[in-house]
$ cat start_10.tsv   # TSV, C-alpha atoms
chain	number	residue	atom	x	y	z
W	245	MET	CA	74.24	-7.26	-1.35
W	246	PHE	CA	72.14	-4.12	-1.96
W	247	THR	CA	73.95	-0.89	-2.61
W	248	ALA	CA	73.04	2.13	-0.52
W	249	ASN	CA	71.02	3.58	-3.39
W	250	GLU	CA	69.11	0.31	-3.95
W	251	SER	CA	68.36	0.04	-0.23
W	252	TRP	CA	67.10	3.61	-0.12
W	253	SER	CA	64.96	3.07	-3.24
W	254	ARG	CA	63.46	-0.10	-1.76
W	255	ARG	CA	62.56	1.64	1.49
W	256	GLY	CA	61.06	4.51	-0.50
W	257	ASN	CA	58.84	2.14	-2.48
W	258	GLU	CA	57.67	0.44	0.71
W	259	ARG	CA	56.80	3.82	2.21
W	260	LYS	CA	54.80	4.70	-0.92
W	261	ARG	CA	52.91	1.41	-0.76
W	262	ARG	CA	52.17	1.91	2.95
W	263	SER	CA	51.02	5.45	2.25
W	264	ALA	CA	48.74	4.26	-0.55
W	265	ARG	CA	47.22	1.57	1.69
W	266	ILE	CA	46.63	4.11	4.46
W	267	ARG	CA	44.93	6.51	2.03
W	268	TYR	CA	42.71	3.66	0.78
W	269	LEU	CA	41.76	2.62	4.31
W	270	LEU	CA	41.01	6.22	5.29
W	271	ALA	CA	38.82	6.69	2.19
W	272	SER	CA	36.94	3.45	2.90
W	273	ALA	CA	36.40	4.45	6.52
W	274	ALA	CA	35.11	7.86	5.44
W	275	CYS	CA	32.59	6.24	3.06
W	276	LEU	CA	31.43	3.85	5.78
W	277	MET	CA	31.03	6.68	8.30
W	278	ALA	CA	29.04	8.69	5.76
W	279	LEU	CA	26.65	5.77	5.25
W	280	LEU	CA	26.26	5.22	9.00
W	281	ALA	CA	25.70	8.93	9.57
W	282	SER	CA	22.75	8.96	7.17
W	283	PRO	CA	20.72	5.78	7.78
W	284	GLY	CA	17.79	7.16	5.83
W	285	ALA	CA	19.77	7.62	2.64
W	286	SER	CA	18.62	4.34	1.13
W	287	TYR	CA	15.01	5.09	2.00
W	288	ALA	CA	15.20	8.35	0.06
W	289	GLN	CA	15.20	6.23	-3.12
W	290	VAL	CA	11.78	4.75	-2.31
W	291	PRO	CA	8.53	6.70	-2.85
W	292	THR	CA	6.65	7.48	0.35
W	293	TYR	CA	2.92	8.11	-0.03
W	294	GLU	CA	0.36	9.44	2.40
W	295	VAL	CA	-3.37	8.88	1.86
W	296	THR	CA	-5.56	11.85	2.79
W	297	PRO	CA	-8.91	10.48	4.10
W	298	THR	CA	-10.70	13.82	4.00
W	299	GLU	CA	-10.46	13.82	0.20
W	300	SER	CA	-11.02	10.07	-0.18
W	301	SER	CA	-13.96	7.72	0.17
W	302	ILE	CA	-14.99	4.07	0.42
W	303	LYS	CA	-18.51	3.36	-0.79
W	304	PHE	CA	-20.55	0.23	-1.41
W	305	GLY	CA	-23.75	-0.76	-3.09
W	306	VAL	CA	-25.88	-3.82	-3.77
W	307	ASP	CA	-28.76	-4.28	-6.17
W	308	SER	CA	-32.00	-4.60	-4.22
W	309	SER	CA	-35.68	-3.83	-4.38
W	310	VAL	CA	-34.98	-0.89	-2.06
W	311	SER	CA	-31.77	1.10	-2.56
W	312	ILE	CA	-28.91	-0.10	-0.37
W	313	ASN	CA	-25.91	2.15	-0.91
W	314	GLY	CA	-23.65	3.60	1.69
W	315	ILE	CA	-20.24	4.77	2.80
W	316	PHE	CA	-17.81	3.93	5.57
W	317	GLU	CA	-16.95	7.00	7.59
W	318	LYS	CA	-13.96	5.61	9.54
W	319	TRP	CA	-11.07	3.83	7.87
W	320	ASN	CA	-7.32	3.95	7.29
W	321	ALA	CA	-5.31	3.20	4.17
W	322	SER	CA	-1.61	3.05	3.42
W	323	ILE	CA	0.47	2.60	0.27
W	324	LYS	CA	4.04	1.42	0.88
W	325	PHE	CA	6.76	0.78	-1.68
W	326	SER	CA	9.78	-1.52	-1.33
W	327	SER	CA	11.38	-0.12	-4.52
W	328	ARG	CA	10.67	2.44	-7.23
W	329	ASP	CA	8.84	-0.19	-9.26
W	330	VAL	CA	5.15	0.70	-8.97
W	331	ARG	CA	4.37	-3.02	-8.74
W	332	SER	CA	6.27	-3.25	-5.45
W	333	ALA	CA	3.56	-1.25	-3.68
W	334	VAL	CA	1.50	-2.80	-0.90
W	335	LEU	CA	-1.99	-1.41	-0.33
W	336	ASP	CA	-3.54	-1.84	3.12
W	337	ILE	CA	-7.09	-0.76	3.94
W	338	GLU	CA	-8.74	-1.15	7.35
W	339	ILE	CA	-12.39	-0.17	7.70
W	340	GLU	CA	-14.33	0.19	10.93
W	341	ALA	CA	-17.45	-1.81	10.09
W	342	ASP	CA	-19.45	0.06	12.72
W	343	SER	CA	-18.97	3.30	10.75
W	344	VAL	CA	-21.33	2.19	7.95
W	345	ASN	CA	-23.77	4.89	6.89
W	346	THR	CA	-26.59	4.24	4.41
W	347	GLY	CA	-28.66	7.22	5.47
W	348	SER	CA	-31.12	4.89	7.21
W	349	HIS	CA	-30.80	3.83	10.86
W	350	MET	CA	-32.83	0.71	10.16
W	351	LYS	CA	-30.54	-0.41	7.35
W	352	ASP	CA	-27.40	0.55	9.31
W	353	ASN	CA	-28.46	-1.46	12.34
W	354	LYS	CA	-29.32	-4.46	10.17
W	355	LEU	CA	-25.95	-4.33	8.40
W	356	LYS	CA	-24.10	-4.04	11.71
W	357	GLY	CA	-25.89	-7.09	13.11
W	358	LYS	CA	-24.84	-10.73	13.17
W	359	ASP	CA	-26.52	-11.54	9.82
W	360	PHE	CA	-24.24	-9.15	7.94
W	361	PHE	CA	-21.10	-7.36	9.22
W	362	ASN	CA	-21.38	-8.74	12.76
W	363	VAL	CA	-19.45	-5.75	14.08
W	364	LYS	CA	-19.36	-6.92	17.71
W	365	GLU	CA	-17.27	-9.97	16.86
W	366	SER	CA	-15.57	-8.67	13.71
W	367	PRO	CA	-15.11	-4.91	14.03
W	368	LEU	CA	-12.74	-4.52	11.06
W	369	ILE	CA	-13.10	-5.06	7.32
W	370	ILE	CA	-9.61	-5.48	5.84
W	371	PHE	CA	-8.03	-5.59	2.41
W	372	LYS	CA	-4.29	-6.28	2.11
W	373	SER	CA	-2.77	-6.57	-1.34
W	374	THR	CA	-0.57	-9.53	-2.21
W	375	GLU	CA	0.16	-8.86	-5.90
W	376	ILE	CA	-0.05	-5.89	-8.26
W	377	VAL	CA	-0.24	-6.39	-12.02
W	378	GLN	CA	-0.05	-3.37	-14.32
W	379	THR	CA	-2.64	-3.98	-17.04
W	380	GLY	CA	-2.32	-0.70	-18.94
W	381	PRO	CA	-0.55	2.67	-18.88
W	382	ASN	CA	-2.43	3.68	-15.73
W	383	THR	CA	-4.52	0.63	-14.74
W	384	PHE	CA	-3.82	-2.15	-12.28
W	385	ASP	CA	-5.29	-5.42	-11.05
W	386	ILE	CA	-4.58	-5.73	-7.34
W	387	GLU	CA	-5.08	-9.14	-5.81
W	388	GLY	CA	-5.33	-9.31	-2.06
W	389	ASN	CA	-6.72	-10.89	1.07
W	390	PHE	CA	-10.16	-9.52	1.88
W	391	THR	CA	-11.53	-10.11	5.38
W	392	ILE	CA	-15.08	-9.47	6.54
W	393	ARG	CA	-16.99	-11.15	9.39
W	394	GLY	CA	-13.72	-12.91	10.25
W	395	VAL	CA	-13.70	-14.75	6.91
W	396	THR	CA	-10.74	-14.18	4.58
W	397	LYS	CA	-10.74	-14.85	0.84
W	398	THR	CA	-8.78	-13.66	-2.18
W	399	GLU	CA	-10.43	-10.83	-4.11
W	400	LYS	CA	-9.34	-8.47	-6.89
W	401	LEU	CA	-9.43	-4.68	-6.79
W	402	THR	CA	-9.20	-2.96	-10.19
W	403	LEU	CA	-7.54	0.45	-9.88
W	404	THR	CA	-7.00	3.40	-12.20
W	405	SER	CA	-4.36	6.05	-11.47
W	406	ASP	CA	-4.94	9.60	-12.68
W	407	SER	CA	-1.28	10.64	-12.71
W	408	LYS	CA	2.36	9.66	-13.18
W	409	GLY	CA	5.32	11.37	-11.59
W	410	THR	CA	3.26	14.09	-9.91
W	411	PRO	CA	3.42	14.98	-6.20
W	412	THR	CA	-0.31	14.32	-5.73
W	413	GLY	CA	-2.95	12.17	-7.37
W	414	SER	CA	-5.81	9.78	-6.86
W	415	LEU	CA	-6.62	6.11	-7.30
W	416	ASP	CA	-10.11	4.96	-8.22
W	417	GLY	CA	-11.02	1.32	-7.86
W	418	ILE	CA	-13.80	-1.25	-7.91
W	419	MET	CA	-14.01	-4.58	-6.14
W	420	ALA	CA	-17.00	-6.94	-6.26
W	421	PHE	CA	-17.63	-9.94	-4.04
W	422	ASP	CA	-20.37	-12.44	-3.30
W	423	ARG	CA	-21.76	-11.76	0.17
W	424	LYS	CA	-22.74	-15.41	0.64
W	425	ASP	CA	-19.08	-16.43	0.35
W	426	TYR	CA	-18.58	-14.61	3.65
W	427	GLY	CA	-21.57	-16.04	5.50
W	428	MET	CA	-24.00	-13.21	4.76
W	429	THR	CA	-26.78	-15.50	3.63
W	430	SER	CA	-29.71	-13.73	5.28
W	431	GLY	CA	-31.88	-10.99	3.86
W	432	ILE	CA	-33.76	-7.99	5.14
W	433	PRO	CA	-37.52	-8.39	5.66
W	434	PHE	CA	-39.55	-7.21	2.65
W	435	ILE	CA	-36.40	-6.29	0.71
W	436	LYS	CA	-34.99	-8.43	-2.08
W	437	ILE	CA	-31.17	-8.28	-2.07
W	438	ALA	CA	-28.72	-9.48	-4.72
W	439	ASN	CA	-25.64	-11.47	-3.71
W	440	ARG	CA	-23.11	-9.30	-5.53
W	441	VAL	CA	-21.73	-6.40	-3.51
W	442	GLU	CA	-19.72	-3.70	-5.24
W	443	VAL	CA	-17.16	-1.61	-3.36
W	444	ASN	CA	-15.91	1.68	-4.82
W	445	VAL	CA	-12.66	3.09	-3.51
W	446	ARG	CA	-11.25	6.56	-4.13
W	447	LEU	CA	-7.89	7.24	-2.52
W	448	LYS	CA	-6.39	10.70	-2.72
W	449	TRP	CA	-2.62	10.56	-2.04
W	450	ARG	CA	0.39	12.81	-1.86
W	451	ARG	CA	4.06	11.88	-2.14
W	452	VAL	CA	5.76	13.13	1.02
W	453	SER	CA	9.31	12.02	0.14
W	454	GLY	CA	11.37	10.04	-2.32
W	455	PRO	CA	11.20	9.94	-6.13
W	456	PRO	CA	8.06	9.03	-8.07
W	457	PRO	CA	7.43	5.33	-8.77
W	458	ILE	CA	8.34	3.88	-12.14
W	459	PHE	CA	5.47	2.65	-14.32
W	460	ARG	CA	6.17	-0.24	-16.68
W	461	GLN	CA	4.00	1.00	-19.56
$ encode --input "start_10.tsv" --output "structure tokens"
Amino acid sequence: MFTANESWSRRGNERKRRSARIRYLLASAACLMALLASPGASYAQVPTYEVTPTESSIKFGVDSSVSINGIFEKWNASIKFSSRDVRSAVLDIEIEADSVNTGSHMKDNKLKGKDFFNVKESPLIIFKSTEIVQTGPNTFDIEGNFTIRGVTKTEKLTLTSDSKGTPTGSLDGIMAFDRKDYGMTSGIPFIKIANRVEVNVRLKWRRVSGPPPIFRQ
């Protein structure tokens, strides 16, 4: 048999335990509601970059008996991170092949034709990164799928970053490929053309939200 005092003490302890459980449940619910109310909170921890085309460029050149160098005037590029690790970035570049400009209508028309870019059937030249390896304090080897003329192969873009932790910066890169690997086996009359094509990329970016990425060196 419990005495009156023991019974009262027992009921008091039960009330305290119930009160503690209620406070815990209320605190948990408040945390959950706070997370649901701010769905972008987790994204704030990931760097968000924007490439500014007006300050950027994509150029190309090939050794030949007559100079063949040019730029692409229409393209889009994006840099997206899945974490703060700089190696988590994915670089996407889409170039409108028809926007090639060598300064010569004859050369442009030849490059746009079926023997080279074949822009009617393959209007886009695409590079999508698949792996980023940091090779130095501010240098990277970026392996990716390169598509031109509808043919896709793995190529490597070597990039150098001019900044760390700043709100703006630029990336300068070089990628070289063999044009014959992509079916561009023809030449231009009276012009001797090498097989190696070099692409030079300069991407000016600004960080629009999130913290800066973390470099590993």
$ residues_around --input "start_10.tsv" --residues "segment 381-394 of chain W" --least-positions-apart "3" --cutoff "9 Å" --atoms "all atoms listed in the file" --output "ChimeraX atom specification"
/W:331,335,341,358,360-363,365-378,397-408,426-428,459-461
$ residues_around --input "start_10.tsv" --residues "segment 296-300 of chain W" --least-positions-apart "3" --cutoff "12 Å" --atoms "all atoms listed in the file" --output "MDAnalysis selection string"
chainID W and resid 293 303 315:323 337 339 412:417 444:452
$ write_last_selection --input "start_10.tsv" --atoms "C-alpha atoms" --output "compact mmCIF listing (two decimals), in the coordinates of the input"
# COMPACT_ATOMS: atom_id res chain seq x y z
CA TYR W 293 2.92 8.11 -0.03
CA LYS W 303 -18.51 3.36 -0.79
CA ILE W 315 -20.24 4.77 2.80
CA PHE W 316 -17.81 3.93 5.57
CA GLU W 317 -16.95 7.00 7.59
CA LYS W 318 -13.96 5.61 9.54
CA TRP W 319 -11.07 3.83 7.87
CA ASN W 320 -7.32 3.95 7.29
CA ALA W 321 -5.31 3.20 4.17
CA SER W 322 -1.61 3.05 3.42
CA ILE W 323 0.47 2.60 0.27
CA ILE W 337 -7.09 -0.76 3.94
CA ILE W 339 -12.39 -0.17 7.70
CA THR W 412 -0.31 14.32 -5.73
CA GLY W 413 -2.95 12.17 -7.37
CA SER W 414 -5.81 9.78 -6.86
CA LEU W 415 -6.62 6.11 -7.30
CA ASP W 416 -10.11 4.96 -8.22
CA GLY W 417 -11.02 1.32 -7.86
CA ASN W 444 -15.91 1.68 -4.82
CA VAL W 445 -12.66 3.09 -3.51
CA ARG W 446 -11.25 6.56 -4.13
CA LEU W 447 -7.89 7.24 -2.52
CA LYS W 448 -6.39 10.70 -2.72
CA TRP W 449 -2.62 10.56 -2.04
CA ARG W 450 0.39 12.81 -1.86
CA ARG W 451 4.06 11.88 -2.14
CA VAL W 452 5.76 13.13 1.02
$ atom_distance --input "start_10.tsv" --atom1 "atom CA of Val295 of chain W" --atom2 "atom CA of Pro456 of chain W"
15.1 Å
$ closest_residue --input "start_10.tsv" --among "W:Ala333, W:Val344, W:Val306, W:Ala420" --to "Lys436 of chain W" --atoms "only C-alpha atoms"
W:Val306
$ residues_around --input "start_10.tsv" --residues "Pro291 of chain W" --least-positions-apart "4" --cutoff "7 Å" --atoms "all atoms listed in the file" --output "ChimeraX atom specification"
/W:325,328,451,453-457
